[in-house]
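The file final15.cif contains mmCIF, C-alpha atoms:
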```cif
data_start
#
loop_
_atom_site.label_atom_id
_atom_site.label_comp_id
_atom_site.auth_asym_id
_atom_site.auth_seq_id
_atom_site.Cartn_x
_atom_site.Cartn_y
_atom_site.Cartn_z
CA MET A 1 -28.08 -11.86 14.51
CA THR A 2 -28.53 -9.09 11.94
CA SER A 3 -31.55 -6.81 11.88
CA GLU A 4 -30.77 -4.51 8.96
CA PHE A 5 -28.81 -4.67 5.70
CA ARG A 6 -28.47 -0.96 5.00
CA ASP A 7 -25.81 -1.11 2.24
CA ALA A 8 -27.45 -3.64 -0.08
CA THR A 9 -29.09 -1.18 -2.49
CA ALA A 10 -28.10 2.42 -1.89
CA ALA A 11 -30.87 4.75 -3.03
CA PRO A 12 -29.96 8.36 -3.90
CA ALA A 13 -32.87 10.73 -3.41
CA PRO A 14 -33.48 13.65 -5.78
CA SER A 15 -34.94 16.70 -4.15
CA PRO A 16 -38.70 17.12 -4.50
CA HIS A 17 -38.11 20.88 -4.37
CA GLY A 18 -35.81 21.12 -7.40
CA GLY A 19 -32.05 20.80 -7.73
CA SER A 20 -30.14 17.73 -6.58
CA TRP A 21 -29.59 16.31 -3.15
CA PRO A 22 -26.74 14.00 -2.33
CA PRO A 23 -27.95 10.63 -1.08
CA ARG A 24 -30.05 11.09 2.05
CA GLY A 25 -31.08 8.79 4.86
CA ASP A 26 -34.34 6.90 4.80
CA GLY A 27 -35.91 9.09 7.48
CA THR A 28 -35.27 12.22 5.42
CA ARG A 29 -36.51 10.59 2.23
CA VAL A 30 -39.87 9.46 3.60
CA VAL A 31 -40.56 12.78 5.33
CA HIS A 32 -39.96 14.80 2.15
CA ALA A 33 -41.16 12.38 -0.55
CA GLY A 34 -43.79 13.99 -2.77
CA VAL A 35 -44.07 17.10 -0.61
CA PRO A 36 -44.50 20.25 -2.76
CA ALA A 37 -42.07 23.15 -2.66
CA PRO A 38 -42.81 25.44 0.30
CA VAL A 39 -45.19 28.31 -0.36
CA ALA A 40 -45.91 30.90 2.31
CA GLY A 41 -49.32 30.37 3.86
CA GLU A 42 -49.76 26.85 2.45
CA PRO A 43 -49.70 23.59 4.49
CA PHE A 44 -46.75 21.22 4.19
CA LEU A 45 -48.99 18.57 2.62
CA PRO A 46 -52.00 19.99 0.77
CA SER A 47 -55.42 18.90 1.95
CA PRO A 48 -57.20 16.21 -0.08
CA VAL A 49 -58.97 17.36 -3.23
CA PHE A 50 -62.53 16.06 -3.43
CA GLY A 51 -64.09 16.27 -6.85
CA ALA A 52 -65.64 14.14 -9.58
CA PRO A 53 -66.01 16.66 -12.42
CA TYR A 54 -63.82 19.74 -12.63
CA HIS A 55 -64.59 22.99 -14.45
CA LEU A 56 -63.73 22.78 -18.15
CA ASP A 57 -62.88 25.70 -20.38
CA PRO A 58 -66.31 26.47 -21.86
CA VAL A 59 -64.82 27.07 -25.31
CA ALA A 60 -61.71 24.89 -25.59
CA GLY A 61 -63.09 21.97 -23.58
CA PRO A 62 -60.67 19.36 -22.13
CA GLN A 63 -57.04 20.49 -22.09
CA PRO A 64 -53.87 18.40 -21.61
CA GLY A 65 -52.52 18.81 -18.10
CA VAL A 66 -55.74 20.30 -16.75
CA ASP A 67 -57.92 18.18 -14.45
CA GLY A 68 -61.17 17.21 -16.09
CA TYR A 69 -62.67 14.17 -14.35
CA GLY A 70 -61.91 12.41 -11.08
CA ARG A 71 -61.42 8.90 -12.45
CA THR A 72 -58.30 10.04 -14.30
CA ASP A 73 -57.39 13.30 -12.55
CA ASN A 74 -56.76 14.03 -8.91
CA ARG A 75 -54.00 16.17 -7.46
CA THR A 76 -53.99 14.31 -4.15
CA TYR A 77 -53.14 10.92 -5.55
CA ARG A 78 -50.65 12.46 -8.00
CA LEU A 79 -48.64 13.71 -5.01
CA LEU A 80 -48.81 10.25 -3.45
CA GLU A 81 -47.65 8.72 -6.73
CA GLN A 82 -44.72 11.12 -6.78
CA ALA A 83 -43.81 10.15 -3.21
CA ILE A 84 -43.95 6.38 -3.75
CA GLY A 85 -42.19 6.74 -7.10
CA GLU A 86 -39.30 8.55 -5.40
CA LEU A 87 -38.94 5.74 -2.88
CA GLU A 88 -39.23 2.92 -5.44
CA GLY A 89 -37.03 4.62 -8.04
CA GLY A 90 -39.63 4.75 -10.82
CA GLU A 91 -42.99 6.21 -11.75
CA CYS A 92 -46.03 5.11 -9.76
CA VAL A 93 -49.69 4.37 -10.46
CA VAL A 94 -51.82 4.00 -7.32
CA PHE A 95 -54.84 1.71 -7.03
CA ALA A 96 -57.68 1.17 -4.60
CA SER A 97 -56.07 -1.99 -3.15
CA GLY A 98 -53.13 -4.32 -3.53
CA MET A 99 -55.27 -6.87 -5.38
CA ALA A 100 -56.40 -4.18 -7.80
CA ALA A 101 -52.74 -3.39 -8.47
CA ILE A 102 -51.51 -6.94 -8.98
CA THR A 103 -54.49 -7.97 -11.12
CA ALA A 104 -53.87 -4.88 -13.25
CA VAL A 105 -50.35 -6.12 -13.96
CA LEU A 106 -51.65 -9.58 -14.84
CA LEU A 107 -54.57 -8.53 -17.00
CA ALA A 108 -52.97 -5.54 -18.71
CA THR A 109 -49.80 -7.36 -19.78
CA LEU A 110 -51.06 -10.87 -20.63
CA ARG A 111 -52.95 -11.99 -23.74
CA GLY A 112 -54.30 -15.28 -25.05
CA GLY A 113 -51.44 -17.66 -25.77
CA ASP A 114 -49.17 -16.12 -23.11
CA THR A 115 -47.69 -17.93 -20.11
CA VAL A 116 -47.31 -16.52 -16.61
CA VAL A 117 -45.21 -18.00 -13.80
CA LEU A 118 -46.29 -17.27 -10.22
CA PRO A 119 -44.73 -18.12 -6.84
CA GLY A 120 -46.33 -21.34 -5.63
CA ASP A 121 -45.68 -20.25 -2.04
CA GLY A 122 -46.66 -16.59 -2.38
CA TYR A 123 -49.87 -14.79 -1.51
CA PHE A 124 -52.62 -17.35 -2.06
CA LEU A 125 -55.22 -14.92 -3.45
CA THR A 126 -52.94 -14.01 -6.35
CA ARG A 127 -52.75 -17.69 -7.30
CA ALA A 128 -56.49 -18.09 -6.78
CA PHE A 129 -57.25 -15.16 -9.07
CA ALA A 130 -54.87 -16.47 -11.72
CA ALA A 131 -56.32 -19.99 -11.58
CA GLU A 132 -59.90 -18.75 -11.76
CA HIS A 133 -59.61 -16.06 -14.44
CA LEU A 134 -56.52 -16.48 -16.63
CA PRO A 135 -57.00 -19.94 -18.23
CA GLY A 136 -60.38 -18.83 -19.62
CA ARG A 137 -58.52 -16.06 -21.45
CA GLY A 138 -56.17 -18.59 -23.03
CA ILE A 139 -53.30 -17.82 -20.61
CA GLU A 140 -51.25 -20.69 -19.20
CA VAL A 141 -50.52 -20.43 -15.45
CA ARG A 142 -47.47 -22.10 -13.97
CA THR A 143 -46.03 -21.96 -10.46
CA MET A 144 -42.55 -22.31 -8.97
CA PRO A 145 -41.11 -22.22 -5.45
CA THR A 146 -39.61 -18.89 -4.41
CA ALA A 147 -36.38 -20.59 -3.35
CA GLY A 148 -36.25 -22.80 -6.47
CA PRO A 149 -35.73 -24.95 -8.41
CA TYR A 150 -36.62 -22.68 -11.32
CA PRO A 151 -37.84 -23.42 -14.85
CA THR A 152 -36.09 -22.14 -17.97
CA PHE A 153 -38.73 -19.41 -18.63
CA ASP A 154 -38.91 -20.35 -22.32
CA GLY A 155 -42.10 -18.83 -23.71
CA VAL A 156 -42.91 -17.05 -20.44
CA ARG A 157 -44.43 -13.61 -20.98
CA LEU A 158 -44.57 -12.59 -17.30
CA LEU A 159 -42.65 -13.82 -14.26
CA LEU A 160 -44.15 -12.70 -10.95
CA LEU A 161 -41.90 -12.94 -7.90
CA GLU A 162 -42.71 -12.34 -4.24
CA THR A 163 -39.66 -11.95 -2.03
CA PRO A 164 -39.69 -12.47 0.88
CA SER A 165 -42.58 -14.82 0.16
CA ASN A 166 -45.79 -14.62 2.13
CA PRO A 167 -46.06 -16.41 4.52
CA GLY A 168 -42.98 -18.67 4.23
CA LEU A 169 -40.42 -15.81 4.03
CA ASP A 170 -38.21 -17.45 1.42
CA VAL A 171 -36.06 -15.07 -0.63
CA CYS A 172 -35.07 -15.30 -4.30
CA ASP A 173 -32.34 -13.49 -6.24
CA VAL A 174 -34.34 -10.92 -8.20
CA ALA A 175 -31.43 -9.77 -10.37
CA ASP A 176 -30.58 -13.31 -11.44
CA LEU A 177 -34.17 -14.33 -12.20
CA ALA A 178 -34.87 -11.04 -14.00
CA ALA A 179 -31.85 -11.60 -16.22
CA ARG A 180 -33.01 -15.14 -17.02
CA ALA A 181 -36.54 -14.02 -17.86
CA HIS A 182 -35.39 -11.04 -19.94
CA ALA A 183 -33.10 -13.34 -21.93
CA ARG A 184 -36.29 -15.13 -23.00
CA ARG A 185 -38.05 -11.80 -23.75
CA GLY A 186 -40.24 -12.02 -20.66
CA LEU A 187 -41.36 -9.30 -18.26
CA VAL A 188 -40.69 -9.45 -14.52
CA ALA A 189 -42.89 -8.14 -11.72
CA VAL A 190 -41.99 -8.26 -8.02
CA ASP A 191 -44.52 -8.12 -5.21
CA ASN A 192 -42.71 -5.73 -2.87
CA THR A 193 -45.39 -5.62 -0.17
CA THR A 194 -43.48 -7.21 2.68
CA PRO A 195 -40.12 -5.36 2.45
CA THR A 196 -41.45 -1.96 1.24
CA PRO A 197 -39.19 0.23 -0.93
CA LEU A 198 -37.01 0.98 2.12
CA GLY A 199 -36.15 -2.69 2.36
CA GLN A 200 -35.82 -3.53 -1.31
CA ARG A 201 -36.01 -1.73 -4.67
CA PRO A 202 -37.00 -4.28 -7.34
CA LEU A 203 -36.57 -1.85 -10.25
CA ASP A 204 -32.90 -1.40 -9.30
CA LEU A 205 -32.56 -5.19 -9.39
CA GLY A 206 -33.88 -5.45 -12.94
CA ALA A 207 -37.62 -5.92 -12.47
CA ASP A 208 -40.00 -4.26 -14.92
CA PHE A 209 -42.70 -3.75 -12.29
CA SER A 210 -42.70 -3.29 -8.54
CA VAL A 211 -46.21 -3.94 -7.25
CA ALA A 212 -47.44 -3.82 -3.68
CA SER A 213 -50.28 -3.63 -1.22
CA ALA A 214 -49.68 -0.31 0.50
CA THR A 215 -52.36 -1.40 2.98
CA LYS A 216 -49.58 -3.13 4.89
CA ALA A 217 -46.32 -1.64 6.23
CA LEU A 218 -46.04 1.22 3.75
CA THR A 219 -48.97 3.06 5.33
CA GLY A 220 -48.83 1.01 8.51
CA HIS A 221 -51.82 2.16 10.57
CA SER A 222 -54.35 -0.57 9.70
CA ASP A 223 -56.95 2.00 8.67
CA MET A 224 -57.03 2.00 4.86
CA LEU A 225 -56.66 -0.05 1.66
CA LEU A 226 -54.28 0.96 -1.14
CA GLY A 227 -52.09 -0.58 -3.82
CA TYR A 228 -49.61 0.59 -6.41
CA VAL A 229 -47.57 -0.37 -9.44
CA CYS A 230 -44.19 1.23 -10.23
CA ALA A 231 -42.19 0.95 -13.46
CA ARG A 232 -39.60 2.85 -15.47
CA ASP A 233 -40.58 1.94 -19.02
CA PRO A 234 -42.98 4.62 -20.38
CA GLU A 235 -44.95 2.12 -22.49
CA LEU A 236 -45.48 -0.24 -19.58
CA LEU A 237 -46.54 2.67 -17.39
CA ALA A 238 -48.98 3.87 -20.02
CA THR A 239 -50.48 0.37 -20.21
CA ILE A 240 -51.04 0.26 -16.45
CA ARG A 241 -52.36 3.82 -16.26
CA THR A 242 -54.77 3.20 -19.13
CA TRP A 243 -55.97 0.00 -17.45
CA ARG A 244 -56.74 1.93 -14.28
CA ALA A 245 -58.57 4.66 -16.20
CA ARG A 246 -60.71 2.10 -18.05
CA THR A 247 -61.50 -0.10 -15.05
CA GLY A 248 -61.79 2.65 -12.43
CA GLY A 249 -59.71 1.07 -9.66
CA ILE A 250 -58.62 4.42 -8.22
CA PRO A 251 -58.13 5.23 -4.53
CA GLY A 252 -60.29 7.81 -2.84
CA ALA A 253 -58.79 11.26 -2.30
CA PHE A 254 -58.87 10.94 1.48
CA GLU A 255 -57.22 7.51 1.39
CA ALA A 256 -54.46 8.87 -0.85
CA TRP A 257 -53.89 11.80 1.50
CA LEU A 258 -53.90 9.52 4.53
CA ALA A 259 -51.35 7.24 2.88
CA HIS A 260 -49.06 10.17 2.06
CA ARG A 261 -49.30 11.45 5.61
CA SER A 262 -48.41 8.00 6.94
CA LEU A 263 -45.28 7.71 4.77
CA GLY A 264 -43.43 10.19 6.95
CA THR A 265 -43.07 7.70 9.81
CA LEU A 266 -42.19 4.67 7.65
CA ASP A 267 -38.50 4.66 8.57
CA LEU A 268 -39.26 4.94 12.29
CA ARG A 269 -41.94 2.26 12.18
CA LEU A 270 -39.81 -0.20 10.22
CA ALA A 271 -36.84 0.29 12.53
CA ARG A 272 -38.85 -0.71 15.61
CA GLN A 273 -40.63 -3.56 13.81
CA THR A 274 -37.29 -4.96 12.63
CA ALA A 275 -35.79 -4.72 16.11
CA ASN A 276 -38.84 -6.47 17.54
CA ALA A 277 -38.64 -9.22 14.92
CA ALA A 278 -34.98 -9.82 15.72
CA ALA A 279 -35.76 -10.24 19.42
CA VAL A 280 -38.93 -12.28 18.92
CA SER A 281 -37.29 -14.64 16.40
CA GLU A 282 -34.51 -15.40 18.90
CA LEU A 283 -37.09 -16.16 21.58
CA LEU A 284 -39.07 -18.38 19.21
CA ALA A 285 -35.97 -20.28 18.09
CA GLY A 286 -35.21 -21.35 21.64
CA HIS A 287 -38.71 -22.08 22.96
CA PRO A 288 -39.94 -25.69 23.26
CA ALA A 289 -43.42 -24.82 21.99
CA VAL A 290 -42.03 -23.80 18.59
CA ALA A 291 -41.37 -26.45 15.94
CA SER A 292 -39.85 -24.07 13.38
CA VAL A 293 -39.21 -20.36 12.88
CA ARG A 294 -38.39 -18.27 9.81
CA TRP A 295 -37.05 -14.72 9.67
CA PRO A 296 -34.59 -13.76 6.92
CA GLY A 297 -32.73 -11.37 9.25
CA ARG A 298 -31.65 -14.14 11.59
CA ALA A 299 -28.25 -15.72 10.97
CA GLY A 300 -28.81 -19.36 10.12
CA ASP A 301 -32.16 -18.80 8.43
CA PRO A 302 -32.19 -20.43 4.95
CA ALA A 303 -32.90 -17.01 3.38
CA TYR A 304 -30.33 -15.06 5.41
CA GLU A 305 -27.52 -14.89 2.85
CA ALA A 306 -29.81 -14.01 -0.05
CA ALA A 307 -31.52 -11.34 2.03
CA ALA A 308 -28.18 -9.86 3.08
CA ARG A 309 -27.12 -9.52 -0.56
CA GLN A 310 -30.35 -8.05 -1.83
CA MET A 311 -32.19 -6.23 0.94
CA ARG A 312 -31.43 -3.01 2.76
CA ARG A 313 -33.42 -4.05 5.82
CA VAL A 314 -35.57 -7.00 6.85
CA PRO A 315 -39.27 -6.46 7.62
CA GLY A 316 -40.92 -7.20 10.93
CA VAL A 317 -42.79 -10.33 9.81
CA VAL A 318 -41.82 -13.66 11.41
CA THR A 319 -43.32 -17.06 10.62
CA PHE A 320 -43.34 -19.88 13.16
CA THR A 321 -45.08 -23.20 13.71
CA LEU A 322 -46.77 -24.45 16.87
CA ALA A 323 -47.99 -28.01 17.39
CA ASP A 324 -51.51 -27.53 16.05
CA LYS A 325 -54.55 -25.24 15.96
CA ALA A 326 -55.22 -25.77 19.66
CA ALA A 327 -51.71 -24.56 20.52
CA VAL A 328 -52.25 -21.42 18.44
CA ASP A 329 -55.58 -20.87 20.17
CA ARG A 330 -53.88 -21.07 23.59
CA PHE A 331 -51.12 -18.72 22.43
CA LEU A 332 -53.57 -16.06 21.25
CA ALA A 333 -55.78 -16.38 24.33
CA ALA A 334 -52.81 -15.92 26.65
CA SER A 335 -51.29 -12.90 24.93
CA GLU A 336 -52.21 -9.38 26.01
CA LEU A 337 -50.38 -7.53 23.22
CA VAL A 338 -50.86 -9.75 20.16
CA PHE A 339 -54.09 -9.20 18.22
CA ALA A 340 -55.59 -12.04 16.19
CA ALA A 341 -55.92 -10.42 12.76
CA THR A 342 -54.99 -10.89 9.15
CA SER A 343 -52.78 -8.42 7.27
CA PHE A 344 -49.40 -7.25 8.58
CA GLY A 345 -47.08 -4.28 8.91
CA GLY A 346 -49.21 -2.20 11.27
CA LEU A 347 -48.48 -0.45 14.54
CA HIS A 348 -49.99 -3.28 16.56
CA THR A 349 -48.49 -6.75 16.74
CA THR A 350 -50.76 -9.31 15.07
CA ALA A 351 -50.78 -13.06 14.58
CA ASP A 352 -52.54 -14.91 11.81
CA ARG A 353 -52.95 -18.70 11.54
CA ARG A 354 -52.56 -19.08 7.79
CA ALA A 355 -54.36 -22.40 7.26
CA GLN A 356 -57.68 -20.77 8.14
CA TRP A 357 -57.48 -18.65 4.98
CA GLY A 358 -56.69 -21.41 2.51
CA ASP A 359 -52.89 -21.34 2.51
CA ASP A 360 -51.26 -24.71 1.95
CA ALA A 361 -49.71 -24.59 5.41
CA PRO A 362 -49.56 -26.67 8.60
CA GLU A 363 -52.47 -26.10 10.99
CA GLY A 364 -50.12 -24.53 13.52
CA LEU A 365 -48.28 -22.16 11.18
CA VAL A 366 -48.49 -18.54 12.36
CA ARG A 367 -47.61 -15.38 10.45
CA PHE A 368 -46.53 -12.98 13.17
CA SER A 369 -46.31 -9.27 12.38
CA CYS A 370 -44.32 -7.27 14.90
CA GLY A 371 -45.73 -3.87 15.75
CA VAL A 372 -44.00 -0.93 17.37
CA GLU A 373 -44.52 -1.85 21.00
CA ASP A 374 -41.50 -1.66 23.32
CA THR A 375 -39.31 -4.64 22.57
CA ALA A 376 -39.00 -5.81 26.17
CA ASP A 377 -42.77 -5.69 26.65
CA LEU A 378 -43.46 -7.62 23.46
CA VAL A 379 -40.86 -10.30 24.20
CA ALA A 380 -42.19 -10.81 27.72
CA ASP A 381 -45.76 -11.09 26.44
CA VAL A 382 -44.84 -13.56 23.68
CA ARG A 383 -42.85 -15.68 26.16
CA ARG A 384 -45.90 -15.98 28.45
CA ALA A 385 -48.10 -16.84 25.49
CA LEU A 386 -45.68 -19.51 24.26
CA ASP A 387 -45.57 -21.05 27.72
CA ALA A 388 -49.36 -21.24 27.62
CA ALA A 389 -49.26 -22.79 24.16
CA LEU A 390 -47.47 -25.81 25.59
CA GLY A 391 -50.70 -26.65 27.45
#
```

Since I need it in another form, could you write the structure as C-alpha cells?
Amino acid sequence: MTSEFRDATAAPAPSPHGGSWPPRGDGTRVVHAGVPAPVAGEPFLPSPVFGAPYHLDPVAGPQPGVDGYGRTDNRTYRLLEQAIGELEGGECVVFASGMAAITAVLLATLRGGDTVVLPGDGYFLTRAFAAEHLPGRGIEVRTMPTAGPYPTFDGVRLLLLETPSNPGLDVCDVADLAARAHARRGLVAVDNTTPTPLGQRPLDLGADFSVASATKALTGHSDMLLGYVCARDPELLATIRTWRARTGGIPGAFEAWLAHRSLGTLDLRLARQTANAAAVSELLAGHPAVASVRWPGRAGDPAYEAAARQMRRVPGVVTFTLADKAAVDRFLAASELVFAATSFGGLHTTADRRAQWGDDAPEGLVRFSCGVEDTADLVADVRRALDAALG
C-alpha cells in the first residue's frame, strides 16, 4: 500500500519575497504562497479589499496598473492568483466557481468548426454543458474513456482530461496525451480538481491549461465556491482573462481572501486525507458488503502504476460499490462520522451516491471523500456502517 508519491513531479518554489529559494517542502510552499513581503505594522495576509469603483486620476483618467473598477481590478484576488500560480507553476485567473472556470476554457478557446474531446467518465456537468451549448455554436463534441482507448486527435482543437477521473478514479498519462494532441496542433486542458497542485502539476506534464474547482480540496472547508484556470502561454492567459472581464465571472473579495487563508493548511489536510483513504480503501477491499473499490494509491488498483509515475500524492477520494441504493441508505444511516453530501475534499468525511445526480453509474456506487478525522475513529465508524449495509 502506498499513500504518497512525493518524487513524481518535483516543484521548486521561488520566493514570494524576492530572490530565489531552493526547492521547499509542500508545507512551506502553501504557507508562504502569495504572501506579500513583510512590512512592519501590516498583517501577514492583507484584509480583503471591498470596492466596485476606485478613485481615478481626475485629469489623466484610467492608468495602466492602477485599479479602476472591481470587475477587472481587485488586490485581494490578485494575491490569491499569485498564490495558486506559484503552486501550479503558471499564471492564474480565478473565477467565481469551478464551472465558471471550465466553461471559460471551453467557450474562450473553441469556435465554430472546432472539435473538442471530453472524458466520457469525468464530471458529468462538464459533459452536460458541452452537449447542451457547444453543438449550437458549430462545435463537435466527442468523448473518450480516461483510461483509453484513445482517438487519434486529428482535427481536435481542445482535449480536456480529468485525472483522476470523477467519480471512477481512472488515471491517464497526461504527458503522452498532451504530446499526441500537440502533434495535431490541439490544445490540452486538465481538470486538476481532485489531486490539487500538490498532487499533480499538469503544466509541467505538457498541458496548456490547468483548470480546477477550488471549492473542493484546495480550500477544503466546505464554505465557499471558487474556480481557477492556470496557463503559461501569455496569449492563452490573455484570452481567459479577457473572457472573465467580459462575462464577469469573478469571485468576491471575501471569498478570495478566505481561499488564500485556507491554502496554508492544504499540505496538512491532504496528508491526513490521504492517510485516511489508504486505511479506508484497505477496509473496503476486504469487506463482504463491498462489490468493488477504487483508489489509485492502493497497490493493485488499475490506476496505481500510472498514478505512481505521474502524481506526487494521491487525494483522499475513494470510490466503492455497495449492492444497491438500499445498502447505501443503510450505510449512511448507520454512520456517525460520514455526512451525506455532494462535493469532496473538505474537513468532514462525506459520501455521495453518484447515480442520484445523473452519473452513468451503478445505483450503489459511492464517492467517498475522506476528511481529517482521526484515522482509527473513521475506520471504526466505516466498519460499523458497512456491517449495517449488509442488512

Minimum-distance residue to Lys325 of chain A, chosen among A:Ala389, A:Ala96, A:Val141, A:Val211 (using only C-alpha atoms): A:Ala389

Just checking: using only C-alpha atoms, which residue out of A:Ala100, A:Ala83, A:Val117, A:Ala253 ends up closest to Pro48 of chain A? A:Ala253

Could you tell me which residues the PyMOL selection byres ((chain A and resi 273-280) around 8) grabs in this file, written as a PyMOL selection string? chain A and resi 1-4+269-272+281-284+295+297-298+313-318+370-372+374-375+378-379+382

Can you pull out the residues contacting segment 179-185 of chain A? Cut-off 6 Å, using all atoms listed in the file, and skip same-chain residues under 2 positions away; I want them as a PDB file with C-alpha atoms, in the frame of the given file.
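Now in out.pdb:
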```
ATOM      1  CA  PHE A 153     -38.730 -19.410 -18.630  1.00  0.00           C
ATOM      2  CA  ASP A 154     -38.910 -20.350 -22.320  1.00  0.00           C
ATOM      3  CA  ASP A 176     -30.580 -13.310 -11.440  1.00  0.00           C
ATOM      4  CA  LEU A 177     -34.170 -14.330 -12.200  1.00  0.00           C
TER       5      LEU A 177
END
```

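The closest residue to Val31 of chain A, picked from A:Asp57, A:Glu86, A:Ala327, A:Ala108 and counting all atoms listed in the file, is A:Glu86.
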
Nearest candidate to Val30 of chain A (options A:Arg330, A:Arg309, A:His260, A:Arg111; using all atoms listed in the file): A:His260

Contacts of Arg244 of chain A within 10 Å, all atoms listed in the file, excl. fewer than 2 positions in-chain, as a ChimeraX atom specification: /A:71-72,93-96,100-101,104,108,238-242,246-250

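Counting all atoms listed in the file, Val366 of chain A has the following residues at most 10 Å away, ignoring those fewer than 5 positions along the same chain: Pro167, Gly168, Val293, Val318, Thr319, Phe320, Thr321, Leu322, Lys325, Val328, Thr350, Ala351, Asp352, Arg353, Arg354, Ala355 and Ala361 of chain A.
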
Matched chain/residue IDs from the PyMOL selection byres ((chain A and resi 339) around 12), as a VMD selection string: chain A and resid 329 331 to 338 340 to 344 346 to 353 367 to 371 378 381 to 382

Kindly provide, as JSON, the centre and edge lengths (Å, one decimal) of an axis-aligned box around all atoms of segment 232-240 of chain A given in the file, with 5 Å on each side.
```
{"center_x": -45.3, "center_y": 2.2, "center_z": -19.0, "size_x": 21.4, "size_y": 14.9, "size_z": 17.0}
```

Rounded to one decimal place, report the atom CA of Val49 of chain A-atom CA of Glu88 of chain A distance in Å. 24.6 Å

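Using all atoms listed in the file, the smallest distance between any of A:Asp387, A:Gly264, A:Ala131, A:His55 and Gly34 of chain A comes from A:Gly264.
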
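Using all atoms listed in the file for every distance, the candidate list A:Ala212, A:Val35, A:Ala376, A:Leu218 yields A:Ala212 as the residue closest to Thr163 of chain A.
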
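Taking only C-alpha atoms, the non-local environment of Tyr69 of chain A within 9 Å (same-chain residues fewer than 5 positions away omitted) comprises Gly51, Ala52, Pro53, Tyr54 and Asn74 of chain A.
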
Quick one: which residues end up in the PyMOL selection byres ((chain A and resi 194) around 7) for this structure, as an MDAnalysis selection string? chainID A and resid 164 192:193 195:196 315

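The spacing separating atom CA of Arg201 of chain A from atom CA of Gly300 of chain A amounts to 24.1 Å.
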
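Taking atom CA of Asp67 of chain A and atom CA of Leu87 of chain A as the two end points, the separation is 25.5 Å.
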
Protein and nucleic acid residues near (-44.5, 21.6, -2.8) (cut-off 12 Å, all atoms listed in the file) as a list in words: Ser15, Pro16, His17, Gly18, His32, Ala33, Gly34, Val35, Pro36, Ala37, Pro38, Val39, Ala40, Glu42, Pro43, Phe44, Leu45, Pro46, Arg75, Leu79, Gln82 and Ala83 of chain A

Sort by chain and increasing residue number a table of all residues of segment 100-190 of chain A within 12 Å of segment 231-234 of chain A, each with its closest pair of atoms and their distance in Å to one decimal, counting all atoms listed in the file, and write it as a Markdown table.
```
| residue | atom | partner | partner_atom | distance |
| --- | --- | --- | --- | --- |
| A:Val105 | CA | A:Ala231 | CA | 10.8 |
| A:Leu187 | CA | A:Asp233 | CA | 11.3 |
| A:Val188 | CA | A:Ala231 | CA | 10.6 |
| A:Ala189 | CA | A:Ala231 | CA | 9.3 |
| A:Val190 | CA | A:Ala231 | CA | 10.7 |
```
